[in-house]
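Quick look at protein_27.tsv (TSV, C-alpha atoms and all ligand atoms):
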```
chain	number	residue	atom	x	y	z
T	290	MET	CA	117.57	109.65	112.62
T	291	LEU	CA	115.50	108.55	109.68
T	292	LYS	CA	117.43	105.81	107.94
T	293	ASP	CA	116.86	106.45	104.24
T	294	LYS	CA	119.87	104.69	102.75
T	295	VAL	CA	121.42	101.29	103.34
T	296	VAL	CA	123.78	98.96	101.47
T	297	ILE	CA	123.21	95.23	101.86
T	298	LYS	CA	124.17	92.02	100.09
T	299	ILE	CA	121.52	89.72	98.67
T	300	GLU	CA	122.14	86.12	97.72
T	301	ALA	CA	119.73	83.90	95.84
T	302	GLY	CA	120.08	80.15	96.47
T	303	ASN	CA	122.16	77.89	94.25
T	304	GLY	CA	120.39	75.13	92.36
T	305	GLY	CA	120.79	71.62	93.82
T	306	LYS	CA	123.03	69.12	92.07
T	307	GLY	CA	121.54	66.53	89.75
T	308	SER	CA	121.78	62.93	90.96
T	309	ILE	CA	123.43	59.95	89.29
T	310	ALA	CA	121.79	57.30	91.40
T	311	THR	CA	123.34	53.88	90.78
T	312	ARG	CA	121.38	51.63	93.08
T	313	ASN	CA	120.76	48.26	91.39
T	314	ALA	CA	123.09	49.49	88.71
T	315	LYS	CA	120.19	51.54	87.42
T	316	THR	CA	120.83	55.09	86.41
T	317	ASN	CA	117.77	56.81	87.80
T	318	GLY	CA	118.94	59.99	89.48
T	319	GLY	CA	116.56	62.97	89.74
T	320	ASN	CA	117.15	66.63	88.95
T	321	GLY	CA	118.36	69.01	91.61
T	322	GLY	CA	115.87	71.47	93.13
T	323	ASP	CA	115.92	75.13	92.10
T	324	GLY	CA	117.47	77.72	94.38
T	325	GLY	CA	115.20	80.27	96.07
T	326	SER	CA	115.05	83.81	94.67
T	327	VAL	CA	115.16	87.07	96.59
T	328	PHE	CA	112.12	89.33	96.26
T	329	LEU	CA	111.38	92.75	97.66
T	330	LYS	CA	107.83	93.41	98.78
T	331	GLY	CA	106.38	96.87	99.40
T	332	SER	CA	104.72	97.49	102.76
T	333	THR	CA	102.89	100.50	104.16
T	334	HIS	CA	103.65	99.17	107.66
T	335	LEU	CA	107.28	100.19	107.44
T	336	TYR	CA	108.35	103.80	107.61
T	337	ASP	CA	112.09	103.70	107.12
T	338	LEU	CA	115.04	101.37	106.47
T	339	GLY	CA	115.89	101.05	110.17
T	340	ARG	CA	115.46	97.26	110.16
T	341	PHE	CA	118.34	96.75	107.71
T	342	ASN	CA	121.91	96.52	108.94
T	343	SER	CA	124.46	97.88	106.50
T	344	GLY	CA	126.73	95.15	105.19
T	345	ARG	CA	124.46	92.28	106.25
T	346	THR	CA	123.75	89.46	103.80
T	347	TYR	CA	120.16	88.40	103.11
T	348	LYS	CA	119.99	84.87	101.69
T	349	ALA	CA	117.36	82.72	100.03
T	350	GLU	CA	117.60	78.95	100.48
T	351	ARG	CA	119.59	76.71	98.15
T	352	GLY	CA	117.93	73.93	96.16
T	353	ASN	CA	118.46	70.38	97.43
T	354	PRO	CA	120.29	67.71	95.40
T	355	GLY	CA	118.33	65.31	93.22
T	356	LEU	CA	117.49	61.91	94.67
T	357	ALA	CA	117.35	58.29	93.55
T	358	TYR	CA	114.26	56.90	91.81
T	359	ASN	CA	114.16	60.06	89.73
T	360	ARG	CA	112.99	62.25	92.56
T	361	LYS	CA	113.67	65.95	92.17
T	362	GLY	CA	115.45	67.67	95.03
T	363	THR	CA	113.22	70.14	96.89
T	364	ASP	CA	113.36	73.76	95.75
T	365	GLY	CA	114.89	76.36	98.04
T	366	THR	CA	112.39	78.72	99.67
T	367	ASP	CA	112.26	82.23	98.22
T	368	LEU	CA	113.18	85.10	100.50
T	369	TYR	CA	110.77	88.04	100.70
T	370	ILE	CA	112.21	91.22	102.13
T	371	GLU	CA	109.64	93.84	103.12
T	372	VAL	CA	110.59	97.40	102.29
T	373	PRO	CA	108.90	100.77	102.96
T	374	LEU	CA	107.42	102.87	100.17
T	375	VAL	CA	108.97	104.10	97.96
T	376	THR	CA	112.21	102.11	97.93
T	377	GLU	CA	114.60	102.45	95.01
T	378	VAL	CA	117.22	99.74	94.53
T	379	TYR	CA	120.57	100.52	93.01
T	380	GLU	CA	123.29	98.12	91.88
T	381	LYS	CA	126.62	99.72	90.96
T	382	GLY	CA	124.84	103.08	90.73
T	383	ASN	CA	122.14	101.80	88.34
T	384	LEU	CA	118.48	101.75	89.31
T	385	ILE	CA	117.43	98.08	89.07
T	386	ALA	CA	114.08	98.20	90.88
T	387	LYS	CA	111.57	100.57	92.41
T	388	ILE	CA	108.87	99.45	94.83
T	389	SER	CA	106.03	101.96	95.02
T	390	GLU	CA	102.92	99.99	96.02
T	391	HIS	CA	101.82	98.04	99.07
T	392	GLY	CA	102.11	94.33	98.25
T	393	GLU	CA	104.15	94.93	95.10
T	394	GLU	CA	106.74	92.19	94.61
T	395	VAL	CA	109.90	92.57	92.58
T	396	ILE	CA	112.54	89.91	92.05
T	397	VAL	CA	116.03	91.27	92.69
T	398	ALA	CA	118.17	88.10	92.65
T	399	LYS	CA	117.23	84.97	90.74
T	400	GLY	CA	117.74	81.54	92.24
T	401	GLY	CA	119.91	79.06	90.30
T	402	LEU	CA	118.35	76.10	88.48
T	403	GLY	CA	118.94	72.57	89.69
T	404	GLY	CA	121.34	70.35	87.75
T	405	PHE	CA	120.03	67.49	85.61
T	406	GLY	CA	119.88	64.02	87.05
T	407	ASN	CA	120.84	61.18	84.76
T	408	THR	CA	117.25	60.00	84.25
T	409	TYR	CA	116.58	63.29	82.49
T	410	MET	CA	119.86	62.99	80.62
T	411	LYS	CA	118.99	59.62	79.13
T	412	LYS	CA	115.80	61.06	77.63
T	413	HIS	CA	117.48	64.17	76.31
T	414	ASP	CA	120.34	63.16	74.09
T	415	GLU	CA	121.26	66.75	73.43
T	416	VAL	CA	122.36	67.19	77.03
T	417	ARG	CA	125.94	66.12	77.59
T	418	VAL	CA	126.35	63.52	80.27
T	419	THR	CA	129.06	65.52	81.92
T	420	ASP	CA	126.52	68.27	82.61
T	421	ASN	CA	124.58	66.18	85.01
T	422	LEU	CA	125.99	67.28	88.31
T	423	GLU	CA	126.22	70.88	87.36
T	424	ARG	CA	123.87	73.39	88.86
T	425	ILE	CA	123.43	77.03	88.27
T	426	GLU	CA	124.48	79.42	90.98
T	427	GLY	CA	122.02	81.93	92.39
T	428	GLU	CA	122.64	85.61	91.75
T	429	ILE	CA	124.62	87.54	94.33
T	430	LYS	CA	124.38	91.30	94.40
T	431	THR	CA	125.42	94.20	96.53
T	432	VAL	CA	122.55	96.66	96.45
T	433	GLU	CA	121.76	100.05	97.87
T	434	PHE	CA	118.22	100.80	99.07
T	435	VAL	CA	117.25	104.45	98.89
T	436	LEU	CA	114.02	105.47	100.58
T	437	LYS	CA	111.96	108.21	98.97
T	438	LEU	CA	109.13	108.92	101.37
T	439	GLN	CA	105.97	109.94	99.59
T	440	ALA	CA	102.88	111.54	100.98
T	441	ASP	CA	99.68	113.19	99.77
T	442	VAL	CA	99.51	115.70	102.61
T	443	ILE	CA	102.47	117.27	104.42
T	444	PHE	CA	102.20	118.89	107.84
T	445	ILE	CA	103.99	122.21	108.14
T	446	GLY	CA	104.08	124.49	111.15
T	447	TYR	CA	105.94	125.95	114.07
T	448	PRO	CA	107.29	123.57	116.70
T	449	ASN	CA	104.67	122.64	119.28
T	450	ALA	CA	101.75	123.54	116.97
T	451	GLY	CA	100.23	120.08	117.43
T	452	LYS	CA	101.23	118.42	114.14
T	453	SER	CA	102.24	115.06	115.57
T	454	SER	CA	99.22	114.98	117.88
T	455	ILE	CA	96.91	115.29	114.89
T	456	LEU	CA	98.90	112.70	112.92
T	457	ASN	CA	98.37	110.28	115.80
T	458	ALA	CA	94.67	111.15	116.02
T	459	LEU	CA	94.15	110.60	112.29
T	460	THR	CA	96.27	107.48	111.84
T	461	LYS	CA	97.45	104.52	113.88
T	462	ARG	CA	100.82	106.12	114.53
T	463	GLU	CA	102.09	106.84	118.02
T	464	VAL	CA	104.62	109.51	117.22
T	465	LYS	CA	106.11	111.21	120.27
T	466	THR	CA	104.43	114.47	121.26
T	467	ALA	CA	105.60	116.84	123.99
T	468	PRO	CA	105.08	120.42	125.18
T	469	TYR	CA	108.42	121.66	123.90
T	470	ALA	CA	109.92	122.62	120.54
T	471	PHE	CA	111.42	120.15	118.06
T	472	THR	CA	110.00	116.97	119.48
T	473	THR	CA	109.82	115.54	115.97
T	474	LEU	CA	113.22	115.29	114.30
T	475	ASP	CA	112.39	113.22	111.23
T	476	PRO	CA	109.48	112.99	108.80
T	477	GLN	CA	106.77	110.64	110.06
T	478	ILE	CA	104.34	108.94	107.73
T	479	GLY	CA	100.87	107.82	108.73
T	480	LEU	CA	98.17	106.18	106.66
T	481	MET	CA	94.62	107.56	106.82
T	482	ASP	CA	92.47	105.32	104.61
T	483	SER	CA	94.16	105.71	101.23
T	484	LEU	CA	95.82	109.02	102.11
T	485	ARG	CA	99.44	109.21	103.19
T	486	LEU	CA	100.10	111.97	105.72
T	487	MET	CA	103.58	113.24	106.50
T	488	ASP	CA	104.31	115.04	109.75
T	489	LEU	CA	107.45	117.12	109.41
T	490	PRO	CA	109.78	118.60	112.02
T	491	GLY	CA	108.75	122.09	113.12
T	492	LEU	CA	109.90	125.07	111.07
T	493	ILE	CA	110.96	128.47	112.35
T	494	GLU	CA	112.09	131.67	110.71
T	495	GLY	CA	115.58	130.87	109.47
T	496	SER	CA	115.09	127.10	109.09
T	497	HIS	CA	116.31	127.50	105.52
T	498	GLU	CA	119.64	128.71	106.96
T	499	GLY	CA	119.87	125.68	109.21
T	500	LYS	CA	118.18	127.08	112.30
T	501	GLY	CA	116.21	124.67	114.44
T	502	VAL	CA	116.49	121.21	112.92
T	503	GLY	CA	117.01	122.57	109.41
T	504	THR	CA	115.24	121.40	106.29
T	505	LYS	CA	116.99	118.20	105.24
T	506	PHE	CA	113.60	116.51	105.09
T	507	VAL	CA	112.29	118.71	102.29
T	508	LYS	CA	113.50	116.23	99.66
T	509	HIS	CA	110.69	113.95	100.82
T	510	THR	CA	107.95	116.49	100.05
T	511	GLU	CA	108.34	116.44	96.25
T	512	ASN	CA	105.28	114.43	95.33
T	513	SER	CA	102.86	115.71	97.93
T	514	GLU	CA	99.74	117.54	96.76
T	515	LEU	CA	98.52	119.39	99.80
T	516	ILE	CA	100.21	121.42	102.51
T	517	ALA	CA	98.47	121.54	105.88
T	518	HIS	CA	99.64	124.65	107.77
T	519	PHE	CA	99.28	124.04	111.48
T	520	ILE	CA	98.70	127.13	113.55
T	521	SER	CA	97.96	126.99	117.26
T	522	SER	CA	94.97	129.00	118.45
T	523	GLU	CA	97.37	130.28	121.11
T	524	GLU	CA	99.27	132.30	118.46
T	525	SER	CA	98.87	136.02	119.19
T	526	ASP	CA	98.73	136.87	115.48
T	527	PRO	CA	97.71	133.78	113.49
T	528	ILE	CA	97.72	135.52	110.09
T	529	MET	CA	101.22	136.86	110.71
T	530	ALA	CA	102.32	133.38	111.81
T	531	TYR	CA	100.91	131.98	108.55
T	532	ARG	CA	102.61	134.64	106.42
T	533	THR	CA	105.95	134.16	108.14
T	534	MET	CA	105.70	130.45	107.42
T	535	LYS	CA	104.89	131.10	103.75
T	536	THR	CA	107.98	133.30	103.44
T	537	GLU	CA	110.06	130.61	105.10
T	538	LEU	CA	108.69	128.03	102.65
T	539	ASP	CA	109.62	130.31	99.75
T	540	ASN	CA	113.16	130.43	101.07
T	541	ILE	CA	113.29	126.66	101.54
T	542	ASP	CA	111.76	125.66	98.20
T	543	PRO	CA	109.35	127.88	96.26
T	544	GLN	CA	107.64	124.76	94.87
T	545	LEU	CA	106.12	124.21	98.29
T	546	ASN	CA	103.97	127.33	98.06
T	547	LEU	CA	102.56	126.20	94.71
T	548	LYS	CA	100.80	123.23	96.26
T	549	LYS	CA	97.18	123.24	97.45
T	550	GLU	CA	96.94	124.35	101.05
T	551	ILE	CA	94.72	124.43	104.08
T	552	VAL	CA	95.24	126.07	107.47
T	553	ILE	CA	94.52	123.92	110.49
T	554	ILE	CA	93.91	125.88	113.66
T	555	THR	CA	94.82	123.59	116.55
T	556	LYS	CA	94.19	123.39	120.29
T	557	THR	CA	90.80	125.15	120.13
T	558	ASP	CA	90.03	123.72	123.60
T	559	GLU	CA	92.54	126.24	124.93
T	560	LEU	CA	90.30	129.13	123.89
T	561	GLU	CA	88.35	130.46	126.84
T	562	ASP	CA	85.51	131.62	124.65
T	563	GLN	CA	84.51	129.07	122.00
T	564	SER	CA	82.99	131.80	119.83
T	565	GLU	CA	86.62	132.80	119.20
T	566	ILE	CA	86.90	129.79	116.91
T	567	SER	CA	84.74	131.25	114.16
T	568	LYS	CA	86.51	134.62	114.53
T	569	LEU	CA	89.86	132.90	114.02
T	570	GLU	CA	88.51	131.00	111.04
T	571	SER	CA	87.13	134.14	109.39
T	572	LEU	CA	90.55	135.79	109.60
T	573	PHE	CA	91.69	133.21	107.07
T	574	ILE	CA	88.47	132.91	105.10
T	575	ASN	CA	88.47	136.68	104.53
T	576	ASN	CA	91.91	136.32	103.02
T	577	GLY	CA	90.71	133.56	100.72
T	578	ILE	CA	92.54	130.86	102.66
T	579	ASP	CA	90.93	127.47	103.28
T	580	VAL	CA	90.74	126.75	107.02
T	581	VAL	CA	89.52	124.14	109.51
T	582	SER	CA	89.89	124.15	113.29
T	583	CYS	CA	90.22	121.30	115.73
T	584	THR	CA	91.33	119.98	119.07
T	585	ILE	CA	92.59	116.49	119.80
T	586	LEU	CA	90.12	116.43	122.70
T	587	ASP	CA	87.14	116.36	120.32
T	588	ASP	CA	86.94	113.43	117.88
T	589	GLU	CA	84.35	115.21	115.78
T	590	SER	CA	86.69	118.11	115.09
T	591	VAL	CA	89.47	115.68	114.14
T	592	GLU	CA	87.03	113.93	111.80
T	593	LYS	CA	86.37	117.31	110.19
T	594	VAL	CA	90.06	117.60	109.37
T	595	ALA	CA	90.05	114.12	107.83
T	596	ASN	CA	87.02	114.98	105.70
T	597	ARG	CA	88.63	118.16	104.45
T	598	PHE	CA	91.74	116.28	103.35
T	599	HIS	CA	89.57	113.81	101.46
T	600	THR	CA	87.46	116.54	99.86
T	601	ILE	CA	90.43	118.60	98.73
T	602	LEU	CA	92.24	115.57	97.32
T	603	LYS	CA	89.04	113.80	96.23
T	604	LYS	CA	90.33	110.51	97.57
P	701	LIG	N1	95.20	121.31	124.89
P	701	LIG	C1	95.67	120.77	123.76
P	701	LIG	N2	96.95	120.40	123.67
P	701	LIG	C2	97.40	119.86	122.51
P	701	LIG	C3	96.54	119.69	121.40
P	701	LIG	N3	97.27	119.14	120.39
P	701	LIG	C4	98.52	118.99	120.86
P	701	LIG	N4	98.60	119.41	122.12
P	701	LIG	C5	99.80	119.43	122.98
P	701	LIG	O1	100.75	120.34	122.45
P	701	LIG	C6	102.08	119.86	122.62
P	701	LIG	C7	102.78	119.81	121.30
P	701	LIG	O2	102.16	118.88	120.46
P	701	LIG	P1	102.95	118.09	119.32
P	701	LIG	O3	101.93	117.29	118.60
P	701	LIG	O4	104.13	117.42	119.87
P	701	LIG	O5	103.42	119.34	118.43
P	701	LIG	P2	104.31	119.31	117.09
P	701	LIG	O6	103.74	120.37	116.21
P	701	LIG	O7	104.38	117.94	116.55
P	701	LIG	O8	105.71	119.79	117.66
P	701	LIG	P3	107.20	119.55	117.05
P	701	LIG	O9	107.36	118.09	116.83
P	701	LIG	O10	108.09	120.07	118.10
P	701	LIG	O11	107.27	120.35	115.80
P	701	LIG	C8	101.92	118.49	123.28
P	701	LIG	O12	102.14	118.63	124.65
P	701	LIG	C9	100.50	118.10	122.98
P	701	LIG	O13	99.95	117.24	123.98
P	701	LIG	C10	95.17	120.07	121.53
P	701	LIG	O14	94.34	119.95	120.62
P	701	LIG	N5	94.80	120.61	122.73
P	702	MG	MG	105.98	116.75	116.29
```
Give the structure from the file, written as structure tokens.
Amino acid sequence: MLKDKVVIKIEAGNGGKGSIATRNAKTNGGNGGDGGSVFLKGSTHLYDLGRFNSGRTYKAERGNPGLAYNRKGTDGTDLYIEVPLVTEVYEKGNLIAKISEHGEEVIVAKGGLGGFGNTYMKKHDEVRVTDNLERIEGEIKTVEFVLKLQADVIFIGYPNAGKSSILNALTKREVKTAPYAFTTLDPQIGLMDSLRLMDLPGLIEGSHEGKGVGTKFVKHTENSELIAHFISSEESDPIMAYRTMKTELDNIDPQLNLKKEIVIITKTDELEDQSEISKLESLFINNGIDVVSCTILDDESVEKVANRFHTILKK
């Protein structure tokens, strides 16, 4: 199952203690190093929160103590945790961070500062001598990550229509494909240049009532712009198949039918007579519906699909 929620603990490093070096009766201790902070970093290479174990603690390094001869202790290394897009971070129910871009870095727990060594203290009268060993503790938080998948194009269609096969052909994904219904059980994101494509589990009449694998995934379709309706050229009545799907979408969430759309006729290699392709396409064109046909066996036809996505979304 798609892991879209997880609760973990994050701990920034404590600052290192300041030193009161006394060698040769000289008071020349250095400051402690600063503790490492915890950052989240957005990555398009991750697709869910599966790598996080609920309850695990993710720690940045502590700062090291100050040293003699006024040497500062080394700083603790920051911890960078890669998260998929878009990850929202909640602490006690409040949204404290949202990571929406690849490479975006957000600090979620600050490392503590190192304590003052006595060399520093001598120069700064305002600092009380008793402060010298003190260090500041790093922040510790229990946070919830909530994944909100986002895509520009969502793939809708009956099971077995060829959605995942096209996702794989257009992106670097290797989503499982198989000649039976409901191979895909969770939304799958793939990146095609700057476009994010989302392959969804197959829909059937009655999905909105929980038939098949249901429609739990629909919450991830909110921000998408374009619906790609996948219809196999093996369908006996492609227009009817399309209309049935539109009605199903209305029942699931009427917003879905307000998005831009394109029909993708798949598996054209299965047609005995290739002139059937343009006949199938005109069925849709005559109804004012944008259409493109393809087969995963012909790279050029897959390229055509990619170009249409780019043209429609102008990206
Ligand atoms: N001949 C041919 N077979 C295809 C083509 N595209 C997909 N297939 C096959 O059709 C079957 C179903 O493909 P999938 O990509 O798994 O279909 P899906 O729409 O993702 O199916 P679900 O995940 O069940 O909704 C697989 O056996 C594919 O190998 C195509 O262009 N030509
Ligand atoms: Mg699939």
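Taking only C-alpha atoms and all ligand atoms into account, the residues that come within 9 Å of ligand MG 702 (chain P) are Pro448, Asn449, Ala450, Gly451, Lys452, Ser453, Ser454, Leu456, Val464, Lys465, Thr466, Ala467, Ala470, Phe471, Thr472, Thr473, Leu474, Asp475, Gln477, Asp488, Leu489, Pro490 and Gly491 of chain T.
Shortest atom-to-atom contact with ligand LIG 701 (chain P) among T:Thr600, T:Gln563, T:Thr408, T:Ser590: T:Ser590, counting all atoms listed in the file.
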Env of Asp588 of chain T: 10 Å cut, atoms = all atoms listed in the file, seq-sep filter 5 positions within chain, self excluded. Answer as a ChimeraX atom specification. /T:458-459,583,593-594
Quick one: everything within 12 Å of Leu384 of chain T, counting all atoms listed in the file, minus sequence neighbours fewer than 3 positions away in the same chain. Send it as a ChimeraX atom specification. /T:376-381,387-388,397,432-435
Would you write out, as CSV, a table of all residues in segment 485-531 of chain T that have an atom no more than 12 Å from an atom of segment 460-463 of chain T, listing for each the closest atom pair and the distance in Å to one decimal, considering all atoms listed in the file and ordering rows by chain and rising residue number?
```
residue,atom,partner,partner_atom,distance
T:Arg485,CA,T:Thr460,CA,9.4
T:Leu486,CA,T:Thr460,CA,8.5
T:Met487,CA,T:Thr460,CA,10.7
T:Asp488,CA,T:Arg462,CA,10.7
```
If you count only C-alpha atoms, which residues fall within 12 Å of Ser332 of chain T, apart from same-chain ones fewer than 4 positions away, as a count of residues only? 19
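Residues with any atom within 7 Å of segment 519-529 of chain T, counting all atoms listed in the file and excluding same-chain neighbours fewer than 3 positions away, are Phe444, Ile445, Gly446, Ala450, Lys452, Arg532, Thr533, Val552, Ile553, Ile554, Thr555, Lys556 and Thr557 of chain T.
Of the residues under consideration (T:Ile425, T:Ile478, T:Leu602, T:Ile309), T:Ile309 shows the shortest atom-to-atom contact distance to Asn359 of chain T when counting only C-alpha atoms.
Comparing the minimum interatomic distances between Tyr531 of chain T and each of T:Ile299, T:Leu515, T:Leu547, T:Ile578, counting all atoms listed in the file, we find that T:Ile578 sits nearest.
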Go through T:Ser483, T:Thr346, T:Thr363, T:Asn457 one by one, measure the shortest atom-to-atom distance of each to ligand LIG 701 (chain P) using all atoms listed in the file, and give the residue with the smallest value. T:Asn457
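Going from atom CA of Ile429 of chain T over to atom CA of Ala301 of chain T, you cover 6.3 Å.
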Given only C-alpha atoms as the basis, pick out the residue of T:Ala398, T:Asp539, T:Met290, T:Ser582 nearest to Asp558 of chain T. T:Ser582
Which is closest to Gly321 of chain T among T:Glu514, T:Asp293, T:Glu350, T:Asp364, if we use all atoms listed in the file? T:Asp364
Set the distance at 8 Å and use all atoms listed in the file: which residues neighbour Ile551 of chain T once local chain neighbours fewer than 5 positions away are removed? I'd like the list as a PDB file with C-alpha atoms, keeping the file's coordinate frame.
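Once everything was written out, this is part.pdb:
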```
ATOM      1  CA  LEU T 515      98.520 119.390  99.800  1.00  0.00           C
ATOM      2  CA  ILE T 516     100.210 121.420 102.510  1.00  0.00           C
ATOM      3  CA  ALA T 517      98.470 121.540 105.880  1.00  0.00           C
ATOM      4  CA  HIS T 518      99.640 124.650 107.770  1.00  0.00           C
ATOM      5  CA  ILE T 578      92.540 130.860 102.660  1.00  0.00           C
ATOM      6  CA  ASP T 579      90.930 127.470 103.280  1.00  0.00           C
ATOM      7  CA  VAL T 580      90.740 126.750 107.020  1.00  0.00           C
ATOM      8  CA  VAL T 581      89.520 124.140 109.510  1.00  0.00           C
TER       9      VAL T 581
END
```
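We find atom CA of Thr431 of chain T and atom CA of Lys298 of chain T to be spaced 4.4 Å apart.
The space between atom N4 of ligand LIG 701 (chain P) and atom CA of Asn512 of chain T spans 28.1 Å.
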How big is the axis-aligned box, and where does its centre sit, when it encloses all atoms of segment 395-408 of chain T listed in the file and has 5 Å added on every side, reported in Å to one decimal as lines of an AutoDock Vina configuration file?
```
center_x = 115.6
center_y = 76.3
center_z = 88.5
size_x = 21.4
size_y = 42.6
size_z = 18.4
```
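Selecting by distance to (118.1, 130.1, 105.0) with a limit of 10 Å and using all atoms listed in the file, one obtains Glu494, Gly495, Ser496, His497, Glu498, Gly499, Lys500, Gly503, Thr504, Glu537, Leu538, Asp539, Asn540 and Ile541 of chain T.
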